[in-house]
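**Student:** This is the content of structure27.txt (compact mmCIF, C-alpha atoms):
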# COMPACT_ATOMS: atom_id res chain seq x y z
CA MET A 21 -28.46 10.06 -49.69
CA ASP A 22 -25.36 12.11 -49.12
CA THR A 23 -26.20 15.52 -47.78
CA THR A 24 -22.63 16.73 -48.10
CA THR A 25 -22.69 16.75 -51.87
CA LYS A 26 -23.55 19.98 -53.61
CA THR A 27 -26.09 18.18 -55.69
CA ALA A 28 -28.40 17.39 -52.78
CA THR A 29 -31.84 18.56 -53.79
CA ALA A 30 -33.95 20.89 -51.69
CA ARG A 31 -36.08 17.89 -50.78
CA GLU A 32 -33.06 15.91 -49.61
CA ARG A 33 -31.76 18.86 -47.64
CA MET A 34 -35.09 19.27 -45.87
CA VAL A 35 -35.14 15.61 -44.83
CA ALA A 36 -31.56 15.87 -43.55
CA SER A 37 -32.32 19.12 -41.74
CA ALA A 38 -35.40 17.62 -40.08
CA ARG A 39 -33.31 14.76 -38.81
CA GLU A 40 -30.55 17.01 -37.46
CA LEU A 41 -33.03 19.27 -35.70
CA ILE A 42 -34.86 16.27 -34.19
CA GLN A 43 -31.53 15.04 -32.85
CA GLU A 44 -31.10 18.39 -31.13
CA ARG A 45 -34.64 19.27 -29.98
CA GLY A 46 -36.91 16.27 -30.36
CA VAL A 47 -39.86 16.01 -32.73
CA HIS A 48 -42.05 18.53 -30.89
CA GLY A 49 -39.23 21.06 -30.78
CA VAL A 50 -38.91 21.23 -34.55
CA GLY A 51 -41.16 23.56 -36.48
CA LEU A 52 -41.60 23.38 -40.23
CA ARG A 53 -40.22 26.89 -40.59
CA ASP A 54 -37.08 25.79 -38.74
CA VAL A 55 -36.58 22.99 -41.25
CA VAL A 56 -37.04 25.24 -44.28
CA ALA A 57 -34.59 27.78 -42.84
CA HIS A 58 -32.03 25.16 -41.82
CA ALA A 59 -32.15 23.55 -45.26
CA GLY A 60 -31.97 26.87 -47.07
CA ALA A 61 -35.00 25.74 -49.03
CA PRO A 62 -37.48 28.02 -50.76
CA ARG A 63 -40.57 28.94 -48.76
CA GLY A 64 -43.49 26.91 -49.93
CA SER A 65 -41.31 24.01 -51.01
CA LEU A 66 -42.26 22.06 -47.93
CA GLN A 67 -45.89 21.90 -48.93
CA HIS A 68 -44.81 20.93 -52.42
CA TYR A 69 -42.51 18.09 -51.43
CA PHE A 70 -44.32 16.94 -48.30
CA PRO A 71 -48.05 17.20 -48.83
CA GLY A 72 -48.49 15.03 -45.73
CA GLY A 73 -46.94 17.81 -43.67
CA LYS A 74 -44.75 17.37 -40.65
CA ASP A 75 -45.73 13.72 -40.09
CA GLN A 76 -44.49 12.80 -43.54
CA LEU A 77 -41.28 14.79 -43.19
CA VAL A 78 -40.45 13.30 -39.78
CA ALA A 79 -41.22 9.76 -40.94
CA GLU A 80 -38.88 10.20 -43.90
CA ALA A 81 -36.20 11.76 -41.71
CA LEU A 82 -36.28 8.69 -39.47
CA THR A 83 -36.66 6.11 -42.22
CA GLN A 84 -33.72 7.52 -44.13
CA ALA A 85 -31.67 8.16 -41.02
CA ASP A 86 -28.88 5.72 -41.59
CA SER A 87 -27.11 6.68 -38.40
CA ALA A 88 -23.41 6.22 -37.80
CA SER A 89 -24.06 3.56 -35.17
CA ARG A 90 -26.47 1.63 -37.43
CA ARG A 91 -23.94 1.67 -40.26
CA THR A 92 -21.19 0.60 -37.88
CA VAL A 93 -23.14 -2.36 -36.53
CA ARG A 94 -24.28 -3.48 -39.97
CA ALA A 95 -20.76 -3.24 -41.36
CA ALA A 96 -19.38 -5.12 -38.35
CA ARG A 97 -21.82 -7.94 -38.97
CA ALA A 98 -20.99 -8.04 -42.68
CA GLU A 99 -17.24 -8.12 -42.20
CA GLY A 100 -17.25 -10.42 -39.18
CA ALA A 101 -15.73 -7.86 -36.80
CA ASP A 102 -15.36 -8.93 -33.19
CA PRO A 103 -17.77 -7.59 -30.55
CA VAL A 104 -15.25 -5.46 -28.62
CA THR A 105 -14.10 -3.75 -31.80
CA THR A 106 -17.71 -3.14 -32.78
CA VAL A 107 -18.62 -1.51 -29.46
CA ARG A 108 -15.48 0.62 -29.55
CA ARG A 109 -16.25 1.82 -33.06
CA ILE A 110 -19.76 2.89 -32.14
CA LEU A 111 -18.58 4.77 -29.08
CA ALA A 112 -15.71 6.39 -30.96
CA SER A 113 -18.09 7.73 -33.61
CA TRP A 114 -20.42 9.18 -30.96
CA ARG A 115 -17.55 10.64 -28.95
CA ASP A 116 -16.19 12.38 -32.04
CA LEU A 117 -19.59 13.77 -32.95
CA LEU A 118 -20.38 15.00 -29.44
CA VAL A 119 -17.05 16.76 -29.09
CA ALA A 120 -17.09 18.21 -32.61
CA GLU A 121 -20.62 19.59 -32.18
CA ASP A 122 -20.47 20.58 -28.52
CA PHE A 123 -22.96 17.85 -27.44
CA ARG A 124 -25.60 19.26 -29.74
CA ARG A 125 -27.02 16.13 -31.31
CA GLY A 126 -28.15 12.82 -29.88
CA CYS A 127 -30.05 9.84 -31.24
CA PRO A 128 -33.10 10.75 -33.35
CA PHE A 129 -34.83 7.50 -32.44
CA ALA A 130 -34.47 8.08 -28.71
CA ALA A 131 -35.75 11.63 -29.20
CA THR A 132 -38.77 10.37 -31.12
CA THR A 133 -39.48 7.67 -28.57
CA VAL A 134 -39.53 9.98 -25.59
CA ASP A 135 -41.68 12.72 -27.07
CA THR A 136 -43.86 11.15 -29.76
CA SER A 137 -44.21 7.40 -29.24
CA VAL A 138 -47.54 7.74 -27.45
CA ALA A 139 -49.20 10.17 -29.84
CA ASN A 140 -47.92 8.79 -33.13
CA PRO A 141 -48.07 4.99 -33.51
CA ALA A 142 -46.69 5.17 -37.07
CA LEU A 143 -43.51 6.92 -35.94
CA ARG A 144 -43.21 4.55 -33.01
CA ALA A 145 -43.33 1.63 -35.46
CA VAL A 146 -40.47 3.18 -37.46
CA VAL A 147 -38.45 3.52 -34.26
CA SER A 148 -39.20 -0.04 -33.19
CA GLU A 149 -38.20 -1.49 -36.56
CA TYR A 150 -34.95 0.48 -36.58
CA ALA A 151 -34.04 -0.48 -33.02
CA GLY A 152 -34.87 -4.12 -33.75
CA ALA A 153 -32.63 -4.26 -36.82
CA TRP A 154 -29.78 -2.60 -34.91
CA HIS A 155 -30.22 -5.12 -32.09
CA ASP A 156 -30.32 -8.10 -34.42
CA ASP A 157 -27.14 -7.07 -36.23
CA LEU A 158 -25.39 -6.65 -32.90
CA ALA A 159 -26.66 -10.04 -31.70
CA ALA A 160 -25.23 -11.57 -34.89
CA VAL A 161 -21.86 -9.99 -34.13
CA LEU A 162 -21.97 -11.49 -30.62
CA GLU A 163 -22.99 -14.90 -31.95
CA ASN A 164 -20.22 -14.70 -34.51
CA GLY A 165 -17.88 -13.96 -31.61
CA GLY A 166 -18.78 -17.25 -29.99
CA LEU A 167 -21.93 -16.78 -27.91
CA ALA A 168 -24.97 -19.03 -28.13
CA ALA A 169 -27.88 -17.39 -29.94
CA ALA A 170 -30.10 -16.90 -26.87
CA ARG A 171 -27.32 -15.32 -24.83
CA ALA A 172 -26.24 -13.17 -27.77
CA ALA A 173 -29.80 -11.81 -27.97
CA THR A 174 -30.05 -10.77 -24.32
CA LEU A 175 -26.49 -9.44 -24.23
CA ALA A 176 -27.18 -7.40 -27.37
CA THR A 177 -30.06 -5.76 -25.51
CA LEU A 178 -27.77 -4.86 -22.61
CA VAL A 179 -25.19 -3.40 -24.99
CA GLN A 180 -27.77 -1.49 -27.02
CA ALA A 181 -29.48 -0.13 -23.92
CA SER A 182 -26.25 0.88 -22.22
CA LEU A 183 -24.94 2.65 -25.32
CA GLN A 184 -28.24 4.48 -25.74
CA GLY A 185 -28.31 5.47 -22.08
CA ALA A 186 -24.66 6.55 -22.12
CA LEU A 187 -25.36 8.91 -25.00
CA ILE A 188 -28.16 10.56 -23.03
CA LEU A 189 -26.01 10.79 -19.89
CA ALA A 190 -23.18 12.30 -21.94
CA ARG A 191 -25.47 15.03 -23.26
CA GLY A 192 -26.96 15.61 -19.81
CA HIS A 193 -23.53 16.01 -18.23
CA ARG A 194 -21.88 17.57 -21.30
CA SER A 195 -19.12 15.04 -20.84
CA THR A 196 -17.86 12.02 -22.73
CA ALA A 197 -17.07 10.28 -19.43
CA PRO A 198 -20.24 8.13 -19.50
CA LEU A 199 -19.21 6.81 -22.92
CA ASP A 200 -15.72 6.05 -21.64
CA GLU A 201 -17.00 4.30 -18.52
CA VAL A 202 -19.53 2.21 -20.40
CA GLU A 203 -16.81 1.26 -22.89
CA THR A 204 -14.56 0.11 -20.05
CA GLU A 205 -17.28 -2.02 -18.47
CA LEU A 206 -18.63 -3.49 -21.72
CA THR A 207 -15.13 -4.36 -22.92
CA SER A 208 -14.42 -6.13 -19.65
CA LEU A 209 -17.72 -8.00 -19.79
CA LEU A 210 -17.36 -9.04 -23.43
CA GLU A 211 -13.78 -10.22 -22.93
CA ALA A 212 -14.87 -12.32 -19.97
CA LEU A 213 -17.73 -13.93 -21.86
CA LEU A 214 -16.16 -14.53 -25.24
CA PRO A 215 -13.75 -17.32 -26.05
CA GLY A 216 -10.22 -16.55 -27.18
CA MET B 12 -45.44 16.18 -2.40
CA ASP B 13 -48.12 13.56 -2.77
CA THR B 14 -50.36 14.27 -5.70
CA THR B 15 -52.81 11.58 -4.67
CA THR B 16 -54.01 13.44 -1.61
CA LYS B 17 -57.09 15.53 -1.97
CA THR B 18 -55.36 18.41 -0.28
CA ALA B 19 -52.84 19.03 -3.06
CA THR B 20 -53.02 22.67 -3.94
CA ALA B 21 -53.58 23.93 -7.47
CA ARG B 22 -49.94 24.91 -7.56
CA GLU B 23 -48.82 21.42 -6.53
CA ARG B 24 -51.13 19.83 -9.06
CA MET B 25 -49.73 21.98 -11.84
CA VAL B 26 -46.16 20.96 -11.00
CA ALA B 27 -47.17 17.29 -10.90
CA SER B 28 -49.09 17.62 -14.16
CA ALA B 29 -46.15 19.30 -15.87
CA ARG B 30 -43.94 16.43 -14.85
CA GLU B 31 -46.37 13.76 -16.02
CA LEU B 32 -46.85 15.44 -19.37
CA ILE B 33 -43.08 15.88 -19.84
CA GLN B 34 -42.69 12.16 -19.19
CA GLU B 35 -45.15 11.49 -22.00
CA ARG B 36 -44.29 14.18 -24.57
CA GLY B 37 -41.03 15.87 -23.67
CA VAL B 38 -40.62 19.50 -22.66
CA HIS B 39 -41.41 20.95 -26.10
CA GLY B 40 -44.55 18.83 -26.39
CA VAL B 41 -46.14 20.34 -23.29
CA GLY B 42 -48.05 23.59 -23.59
CA LEU B 43 -49.05 25.66 -20.61
CA ARG B 44 -52.73 25.20 -21.49
CA ASP B 45 -52.20 21.42 -21.37
CA VAL B 46 -50.83 21.72 -17.85
CA VAL B 47 -53.69 23.88 -16.62
CA ALA B 48 -56.24 21.49 -18.12
CA HIS B 49 -54.48 18.36 -16.82
CA ALA B 50 -54.25 19.81 -13.33
CA GLY B 51 -57.84 21.02 -13.32
CA ALA B 52 -56.51 24.39 -12.28
CA PRO B 53 -58.24 27.71 -12.81
CA ARG B 54 -57.27 29.60 -15.94
CA GLY B 55 -54.89 32.39 -15.10
CA SER B 56 -53.51 30.53 -12.09
CA LEU B 57 -50.38 29.61 -13.99
CA GLN B 58 -49.36 33.22 -14.39
CA HIS B 59 -50.12 33.76 -10.70
CA TYR B 60 -48.10 30.84 -9.38
CA PHE B 61 -45.37 30.76 -12.01
CA PRO B 62 -44.49 34.33 -13.01
CA GLY B 63 -41.36 32.90 -14.67
CA GLY B 64 -43.60 31.05 -17.10
CA LYS B 65 -42.90 27.64 -18.56
CA ASP B 66 -39.20 27.69 -17.68
CA GLN B 67 -40.03 28.07 -14.00
CA LEU B 68 -42.74 25.41 -14.10
CA VAL B 69 -40.54 22.87 -15.87
CA ALA B 70 -37.60 23.53 -13.55
CA GLU B 71 -39.83 22.93 -10.54
CA ALA B 72 -41.33 19.84 -12.10
CA LEU B 73 -37.86 18.38 -12.53
CA THR B 74 -36.45 19.58 -9.22
CA GLN B 75 -39.36 18.12 -7.31
CA ALA B 76 -39.50 14.99 -9.41
CA ASP B 77 -38.52 12.46 -6.84
CA SER B 78 -38.86 9.58 -9.24
CA ALA B 79 -39.53 6.00 -8.21
CA SER B 80 -36.07 4.95 -9.32
CA ARG B 81 -34.37 7.78 -7.46
CA ARG B 82 -36.25 6.90 -4.28
CA THR B 83 -35.44 3.24 -4.75
CA VAL B 84 -31.71 3.84 -5.14
CA ARG B 85 -31.54 6.26 -2.24
CA ALA B 86 -33.46 3.87 0.02
CA ALA B 87 -31.23 0.98 -1.07
CA ARG B 88 -28.16 2.95 -0.11
CA ALA B 89 -29.65 3.94 3.26
CA GLU B 90 -30.71 0.45 4.20
CA GLY B 91 -27.63 -1.32 2.83
CA ALA B 92 -29.55 -3.35 0.24
CA ASP B 93 -27.49 -5.53 -2.07
CA PRO B 94 -26.91 -4.46 -5.69
CA VAL B 95 -28.95 -7.20 -7.36
CA THR B 96 -31.96 -6.46 -5.16
CA THR B 97 -31.59 -2.76 -5.93
CA VAL B 98 -31.54 -3.27 -9.69
CA ARG B 99 -34.50 -5.62 -9.51
CA ARG B 100 -36.52 -3.13 -7.48
CA ILE B 101 -35.90 -0.33 -9.98
CA LEU B 102 -36.88 -2.49 -12.93
CA ALA B 103 -39.94 -3.85 -11.14
CA SER B 104 -41.22 -0.35 -10.46
CA TRP B 105 -40.76 0.68 -14.09
CA ARG B 106 -42.32 -2.52 -15.41
CA ASP B 107 -45.37 -2.00 -13.22
CA LEU B 108 -45.73 1.61 -14.33
CA LEU B 109 -45.30 0.86 -18.03
CA VAL B 110 -47.87 -1.93 -17.96
CA ALA B 111 -50.34 -0.02 -15.79
CA GLU B 112 -50.17 3.06 -18.03
CA ASP B 113 -49.79 1.38 -21.41
CA PHE B 114 -46.20 2.60 -21.88
CA ARG B 115 -47.31 6.19 -21.60
CA ARG B 116 -44.64 7.68 -19.36
CA GLY B 117 -40.86 7.48 -19.40
CA CYS B 118 -38.11 9.29 -17.55
CA PRO B 119 -38.60 13.08 -17.33
CA PHE B 120 -34.85 13.64 -17.16
CA ALA B 121 -34.16 11.69 -20.34
CA ALA B 122 -36.98 13.59 -22.04
CA THR B 123 -35.52 16.91 -20.95
CA THR B 124 -32.02 15.92 -22.01
CA VAL B 125 -32.99 14.93 -25.53
CA ASP B 126 -35.15 17.93 -26.37
CA THR B 127 -33.97 20.84 -24.21
CA SER B 128 -30.39 20.31 -23.01
CA VAL B 129 -28.91 22.41 -25.79
CA ALA B 130 -31.30 25.35 -25.57
CA ASN B 131 -31.69 25.56 -21.80
CA PRO B 132 -28.47 25.27 -19.78
CA ALA B 133 -30.34 25.76 -16.48
CA LEU B 134 -32.56 22.75 -17.09
CA ARG B 135 -29.59 20.74 -18.26
CA ALA B 136 -27.87 21.53 -14.96
CA VAL B 137 -30.90 20.22 -13.05
CA VAL B 138 -30.76 17.01 -15.10
CA SER B 139 -27.04 16.61 -14.56
CA GLU B 140 -27.30 17.07 -10.81
CA TYR B 141 -30.14 14.57 -10.57
CA ALA B 142 -28.35 11.97 -12.69
CA GLY B 143 -25.17 12.47 -10.70
CA ALA B 144 -26.89 11.93 -7.35
CA TRP B 145 -28.65 8.82 -8.67
CA HIS B 146 -25.31 7.50 -9.94
CA ASP B 147 -23.49 8.19 -6.69
CA ASP B 148 -26.11 6.44 -4.59
CA LEU B 149 -25.92 3.43 -6.88
CA ALA B 150 -22.12 3.44 -6.73
CA ALA B 151 -22.38 3.44 -2.92
CA VAL B 152 -24.67 0.39 -3.09
CA LEU B 153 -22.09 -1.37 -5.28
CA GLU B 154 -19.24 -0.40 -2.97
CA ASN B 155 -21.25 -1.58 -0.01
CA GLY B 156 -21.69 -4.86 -1.89
CA GLY B 157 -17.94 -5.36 -1.97
CA LEU B 158 -16.54 -3.51 -5.00
CA ALA B 159 -13.61 -1.11 -4.83
CA ALA B 160 -14.67 2.53 -5.15
CA ALA B 161 -13.26 3.10 -8.63
CA ARG B 162 -14.87 -0.01 -10.06
CA ALA B 163 -18.15 0.76 -8.30
CA ALA B 164 -18.18 4.16 -10.02
CA THR B 165 -17.73 2.83 -13.55
CA LEU B 166 -20.08 -0.09 -13.00
CA ALA B 167 -22.72 2.29 -11.64
CA THR B 168 -22.51 4.19 -14.93
CA LEU B 169 -23.05 0.98 -16.90
CA VAL B 170 -26.05 0.07 -14.74
CA GLN B 171 -27.54 3.57 -14.90
CA ALA B 172 -27.04 3.82 -18.65
CA SER B 173 -28.44 0.37 -19.37
CA LEU B 174 -31.52 0.96 -17.22
CA GLN B 175 -32.13 4.31 -18.89
CA GLY B 176 -31.68 2.81 -22.34
CA ALA B 177 -33.89 -0.16 -21.53
CA LEU B 178 -36.72 2.15 -20.54
CA ILE B 179 -36.50 3.94 -23.89
CA LEU B 180 -36.34 0.65 -25.79
CA ALA B 181 -39.35 -0.62 -23.84
CA ARG B 182 -41.40 2.41 -24.85
CA GLY B 183 -40.19 2.19 -28.44
CA HIS B 184 -41.17 -1.47 -28.71
CA ARG B 185 -44.17 -1.24 -26.37
CA SER B 186 -42.76 -4.26 -24.59
CA THR B 187 -41.22 -4.94 -21.20
CA ALA B 188 -38.81 -7.44 -22.80
CA PRO B 189 -35.88 -4.98 -22.85
CA LEU B 190 -36.28 -4.48 -19.09
CA ASP B 191 -36.37 -8.25 -18.55
CA GLU B 192 -33.32 -8.86 -20.71
CA VAL B 193 -31.29 -6.10 -19.10
CA GLU B 194 -32.26 -7.47 -15.69
CA THR B 195 -31.04 -10.93 -16.67
CA GLU B 196 -27.70 -9.62 -17.91
CA LEU B 197 -27.09 -7.18 -15.08
CA THR B 198 -27.96 -9.79 -12.46
CA SER B 199 -25.52 -12.22 -14.05
CA LEU B 200 -22.81 -9.57 -14.22
CA LEU B 201 -23.30 -8.36 -10.64
CA GLU B 202 -23.33 -11.89 -9.24
CA ALA B 203 -20.07 -12.65 -11.06
CA LEU B 204 -18.37 -9.51 -9.76
CA LEU B 205 -19.57 -9.41 -6.20
CA PRO B 206 -18.26 -11.58 -3.39
CA GLY B 207 -20.49 -14.03 -1.59
Would you mind writing the structure in this file as structure tokens?
**Tutor:**
Amino acid sequence: MDTTTKTATARERMVASARELIQERGVHGVGLRDVVAHAGAPRGSLQHYFPGGKDQLVAEALTQADSASRRTVRAARAEGADPVTTVRRILASWRDLLVAEDFRRGCPFAATTVDTSVANPALRAVVSEYAGAWHDDLAAVLENGGLAAARAATLATLVQASLQGALILARGHRSTAPLDEVETELTSLLEALLPG
Amino acid sequence: MDTTTKTATARERMVASARELIQERGVHGVGLRDVVAHAGAPRGSLQHYFPGGKDQLVAEALTQADSASRRTVRAARAEGADPVTTVRRILASWRDLLVAEDFRRGCPFAATTVDTSVANPALRAVVSEYAGAWHDDLAAVLENGGLAAARAATLATLVQASLQGALILARGHRSTAPLDEVETELTSLLEALLPG
């Protein structure tokens, strides 16, 4: 799905709008009317396209959310990019987005975890699957860089967690400094651990 | 404030309830009726105690939220605890809470950041101040452990971010494994960097 094309359907625009609003306000902060207005969709179209209501819309928004960081990690694995380059690319994409949008949007999966994971097991499962795939691609990048599989798995968790936490700190402080500082420390750590 | 004592006032119970519910559902997911019911407070008491409405209640819930991790870091700084012990204590307290409560509650500051930081600058400022104090205490622990001040500051950001991210991953996966893996990696990193 490419929401920047003029041919995006009303349905596609509503899914994209739901995702953007969740990134800004969390799942509970997004009303169906907000989504319809944000997408410029006709009133009543939500019921037509999403008979399952908000749960269906949010699940689709997350399932189809092919985030910049997810794409970056998957591409890095596919092309055999080194771990430091991979981490820098992820942070660069977040930094650009935060600055361009005045710290408006964060990670939709983190937002869903913190406000909906208890009440909605189906959405939590979507989050868990996404985070697991992201982690496993990153672990593959680390293994490709020379780490043993077990170490690559635990280190991938540290990297994933620290990037996720840095994004939240950056929004909380309205500053990209946490991203910069985590990049400095992760680069130093990865260079110390990896051969060559 | 100790919400376990029988002498907690209705006002204190409402503040504590607001915080607990924010930890579970985010700020947008918590209605004032939920807080009154959770606190077992008389109807109408909310308006009496919190004439500023939900904004006032949430701000107090965050301001008074002296979280386990915040207490742990502050105590570690005061007593001169070493960095590895400090990190382990924080993770142990979260692990215990997640298991005891079936992964119900996360960090109220992360929850507020992801769903309210854009719309409510006053709450964002509370979050930023809290996160900054937590960071600075942790940096002092690292400096006390033998790191130069500048390095202690950036490493404290990595530790803070990775702990925050691990807590979100743990709730997303309903597993304490992310906490365990981050502990393993941070312990290894800290032991490599610190003298003695």
**Student:** Name the residues in contact with range 97-108 of chain B at a cut-off of 7 Å, using only C-alpha atoms, excluding same-chain residues fewer than 2 positions from it; report them as number ranges by chain.
**Tutor:** B: 79-80, 83-84, 87, 92-95, 110-112, 187, 190, 194
**Student:** Residues near Phe114 in chain B, anyone? I mean within 8 Å using only C-alpha atoms, not counting same-chain ones fewer than 6 positions away, as a ChimeraX atom specification.
**Tutor:** /A:138 /B:108,181-182,185
**Student:** CA of Gln171 in chain B and CA of Val50 in chain A, how far apart in Å?
**Tutor:**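 Separation of CA of Val50 in chain A and CA of Gln171 in chain B: 28.8 Å.
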**Student:** Using only C-alpha atoms and a distance of at most 7 Å, pull out the residues of chain B that contact chain A, as JSON, numbers by chain.
**Tutor:** {"B": [35, 36, 37, 39, 40, 115, 117, 121, 122, 124, 125, 126, 127, 128, 129, 135, 138, 139, 165, 166, 168, 169, 172, 173, 175, 176, 177, 179, 182, 183, 184, 189, 192, 193, 196]}
**Student:** How far is it from CA of Arg97 in chain A to CA of Val161 in chain A, in Å with one decimal?
**Tutor:**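 Between these atoms lies a distance of 5.3 Å.
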**Student:** Out of B:Ala27, B:Ala89, B:Ala21, B:Ala70, which residue has the shortest atom-to-atom distance to Leu57 in chain B when counting only C-alpha atoms?
**Tutor:**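 For Leu57 in chain B, the nearest of the given residues is B:Ala21.
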**Student:** So that I can look at just that part, could you write range 44-68 of chain B with N, CA and C atoms, as a PDB file, in the first residue's frame?
**Tutor:**
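Resulting contents of result-v1.pdb:
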ATOM      1  N   ARG B  44     -14.898   7.960  35.579  1.00  0.00           N
ATOM      2  CA  ARG B  44     -15.744   6.989  36.287  1.00  0.00           C
ATOM      3  C   ARG B  44     -14.953   5.745  36.677  1.00  0.00           C
ATOM      4  N   ASP B  45     -14.013   5.345  35.795  1.00  0.00           N
ATOM      5  CA  ASP B  45     -13.162   4.189  36.110  1.00  0.00           C
ATOM      6  C   ASP B  45     -12.357   4.449  37.378  1.00  0.00           C
ATOM      7  N   VAL B  46     -11.852   5.679  37.491  1.00  0.00           N
ATOM      8  CA  VAL B  46     -11.009   6.021  38.632  1.00  0.00           C
ATOM      9  C   VAL B  46     -11.820   6.000  39.924  1.00  0.00           C
ATOM     10  N   VAL B  47     -13.002   6.598  39.863  1.00  0.00           N
ATOM     11  CA  VAL B  47     -13.863   6.630  41.052  1.00  0.00           C
ATOM     12  C   VAL B  47     -14.214   5.203  41.484  1.00  0.00           C
ATOM     13  N   ALA B  48     -14.554   4.362  40.517  1.00  0.00           N
ATOM     14  CA  ALA B  48     -14.917   2.980  40.838  1.00  0.00           C
ATOM     15  C   ALA B  48     -13.718   2.210  41.397  1.00  0.00           C
ATOM     16  N   HIS B  49     -12.558   2.370  40.749  1.00  0.00           N
ATOM     17  CA  HIS B  49     -11.357   1.646  41.166  1.00  0.00           C
ATOM     18  C   HIS B  49     -10.950   2.045  42.576  1.00  0.00           C
ATOM     19  N   ALA B  50     -11.126   3.320  42.890  1.00  0.00           N
ATOM     20  CA  ALA B  50     -10.706   3.828  44.194  1.00  0.00           C
ATOM     21  C   ALA B  50     -11.766   3.586  45.275  1.00  0.00           C
ATOM     22  N   GLY B  51     -12.942   3.129  44.866  1.00  0.00           N
ATOM     23  CA  GLY B  51     -14.019   2.971  45.833  1.00  0.00           C
ATOM     24  C   GLY B  51     -14.392   4.291  46.474  1.00  0.00           C
ATOM     25  N   ALA B  52     -14.312   5.338  45.669  1.00  0.00           N
ATOM     26  CA  ALA B  52     -14.581   6.682  46.198  1.00  0.00           C
ATOM     27  C   ALA B  52     -16.033   7.057  45.942  1.00  0.00           C
ATOM     28  N   PRO B  53     -16.552   7.953  46.750  1.00  0.00           N
ATOM     29  CA  PRO B  53     -17.944   8.386  46.543  1.00  0.00           C
ATOM     30  C   PRO B  53     -18.096   9.110  45.210  1.00  0.00           C
ATOM     31  N   ARG B  54     -19.200   8.894  44.549  1.00  0.00           N
ATOM     32  CA  ARG B  54     -19.487   9.653  43.337  1.00  0.00           C
ATOM     33  C   ARG B  54     -19.517  11.137  43.690  1.00  0.00           C
ATOM     34  N   GLY B  55     -19.020  11.938  42.781  1.00  0.00           N
ATOM     35  CA  GLY B  55     -19.032  13.371  43.046  1.00  0.00           C
ATOM     36  C   GLY B  55     -17.763  13.841  43.749  1.00  0.00           C
ATOM     37  N   SER B  56     -17.023  12.900  44.345  1.00  0.00           N
ATOM     38  CA  SER B  56     -15.829  13.315  45.083  1.00  0.00           C
ATOM     39  C   SER B  56     -14.737  13.794  44.134  1.00  0.00           C
ATOM     40  N   LEU B  57     -14.770  13.295  42.913  1.00  0.00           N
ATOM     41  CA  LEU B  57     -13.739  13.691  41.962  1.00  0.00           C
ATOM     42  C   LEU B  57     -13.801  15.187  41.685  1.00  0.00           C
ATOM     43  N   GLN B  58     -15.005  15.642  41.438  1.00  0.00           N
ATOM     44  CA  GLN B  58     -15.203  17.075  41.190  1.00  0.00           C
ATOM     45  C   GLN B  58     -14.772  17.890  42.406  1.00  0.00           C
ATOM     46  N   HIS B  59     -15.030  17.355  43.584  1.00  0.00           N
ATOM     47  CA  HIS B  59     -14.679  18.048  44.824  1.00  0.00           C
ATOM     48  C   HIS B  59     -13.158  18.154  44.991  1.00  0.00           C
ATOM     49  N   TYR B  60     -12.487  17.032  44.815  1.00  0.00           N
ATOM     50  CA  TYR B  60     -11.043  17.020  45.062  1.00  0.00           C
ATOM     51  C   TYR B  60     -10.219  17.520  43.879  1.00  0.00           C
ATOM     52  N   PHE B  61     -10.770  17.348  42.677  1.00  0.00           N
ATOM     53  CA  PHE B  61     -10.002  17.704  41.480  1.00  0.00           C
ATOM     54  C   PHE B  61     -10.830  18.639  40.592  1.00  0.00           C
ATOM     55  N   PRO B  62     -10.950  19.880  41.021  1.00  0.00           N
ATOM     56  CA  PRO B  62     -11.764  20.835  40.235  1.00  0.00           C
ATOM     57  C   PRO B  62     -11.188  21.037  38.829  1.00  0.00           C
ATOM     58  N   GLY B  63      -9.903  20.740  38.650  1.00  0.00           N
ATOM     59  CA  GLY B  63      -9.294  20.861  37.324  1.00  0.00           C
ATOM     60  C   GLY B  63      -9.580  19.657  36.446  1.00  0.00           C
ATOM     61  N   GLY B  64     -10.375  18.712  36.953  1.00  0.00           N
ATOM     62  CA  GLY B  64     -10.784  17.579  36.143  1.00  0.00           C
ATOM     63  C   GLY B  64      -9.672  16.572  35.890  1.00  0.00           C
ATOM     64  N   LYS B  65      -9.798  15.878  34.782  1.00  0.00           N
ATOM     65  CA  LYS B  65      -8.875  14.782  34.484  1.00  0.00           C
ATOM     66  C   LYS B  65      -7.443  15.264  34.371  1.00  0.00           C
ATOM     67  N   ASP B  66      -7.238  16.442  33.761  1.00  0.00           N
ATOM     68  CA  ASP B  66      -5.870  16.938  33.608  1.00  0.00           C
ATOM     69  C   ASP B  66      -5.175  17.058  34.962  1.00  0.00           C
ATOM     70  N   GLN B  67      -5.897  17.589  35.939  1.00  0.00           N
ATOM     71  CA  GLN B  67      -5.306  17.744  37.269  1.00  0.00           C
ATOM     72  C   GLN B  67      -5.010  16.383  37.905  1.00  0.00           C
ATOM     73  N   LEU B  68      -5.972  15.479  37.775  1.00  0.00           N
ATOM     74  CA  LEU B  68      -5.803  14.149  38.373  1.00  0.00           C
ATOM     75  C   LEU B  68      -4.611  13.422  37.760  1.00  0.00           C
TER      76      LEU B  68
END
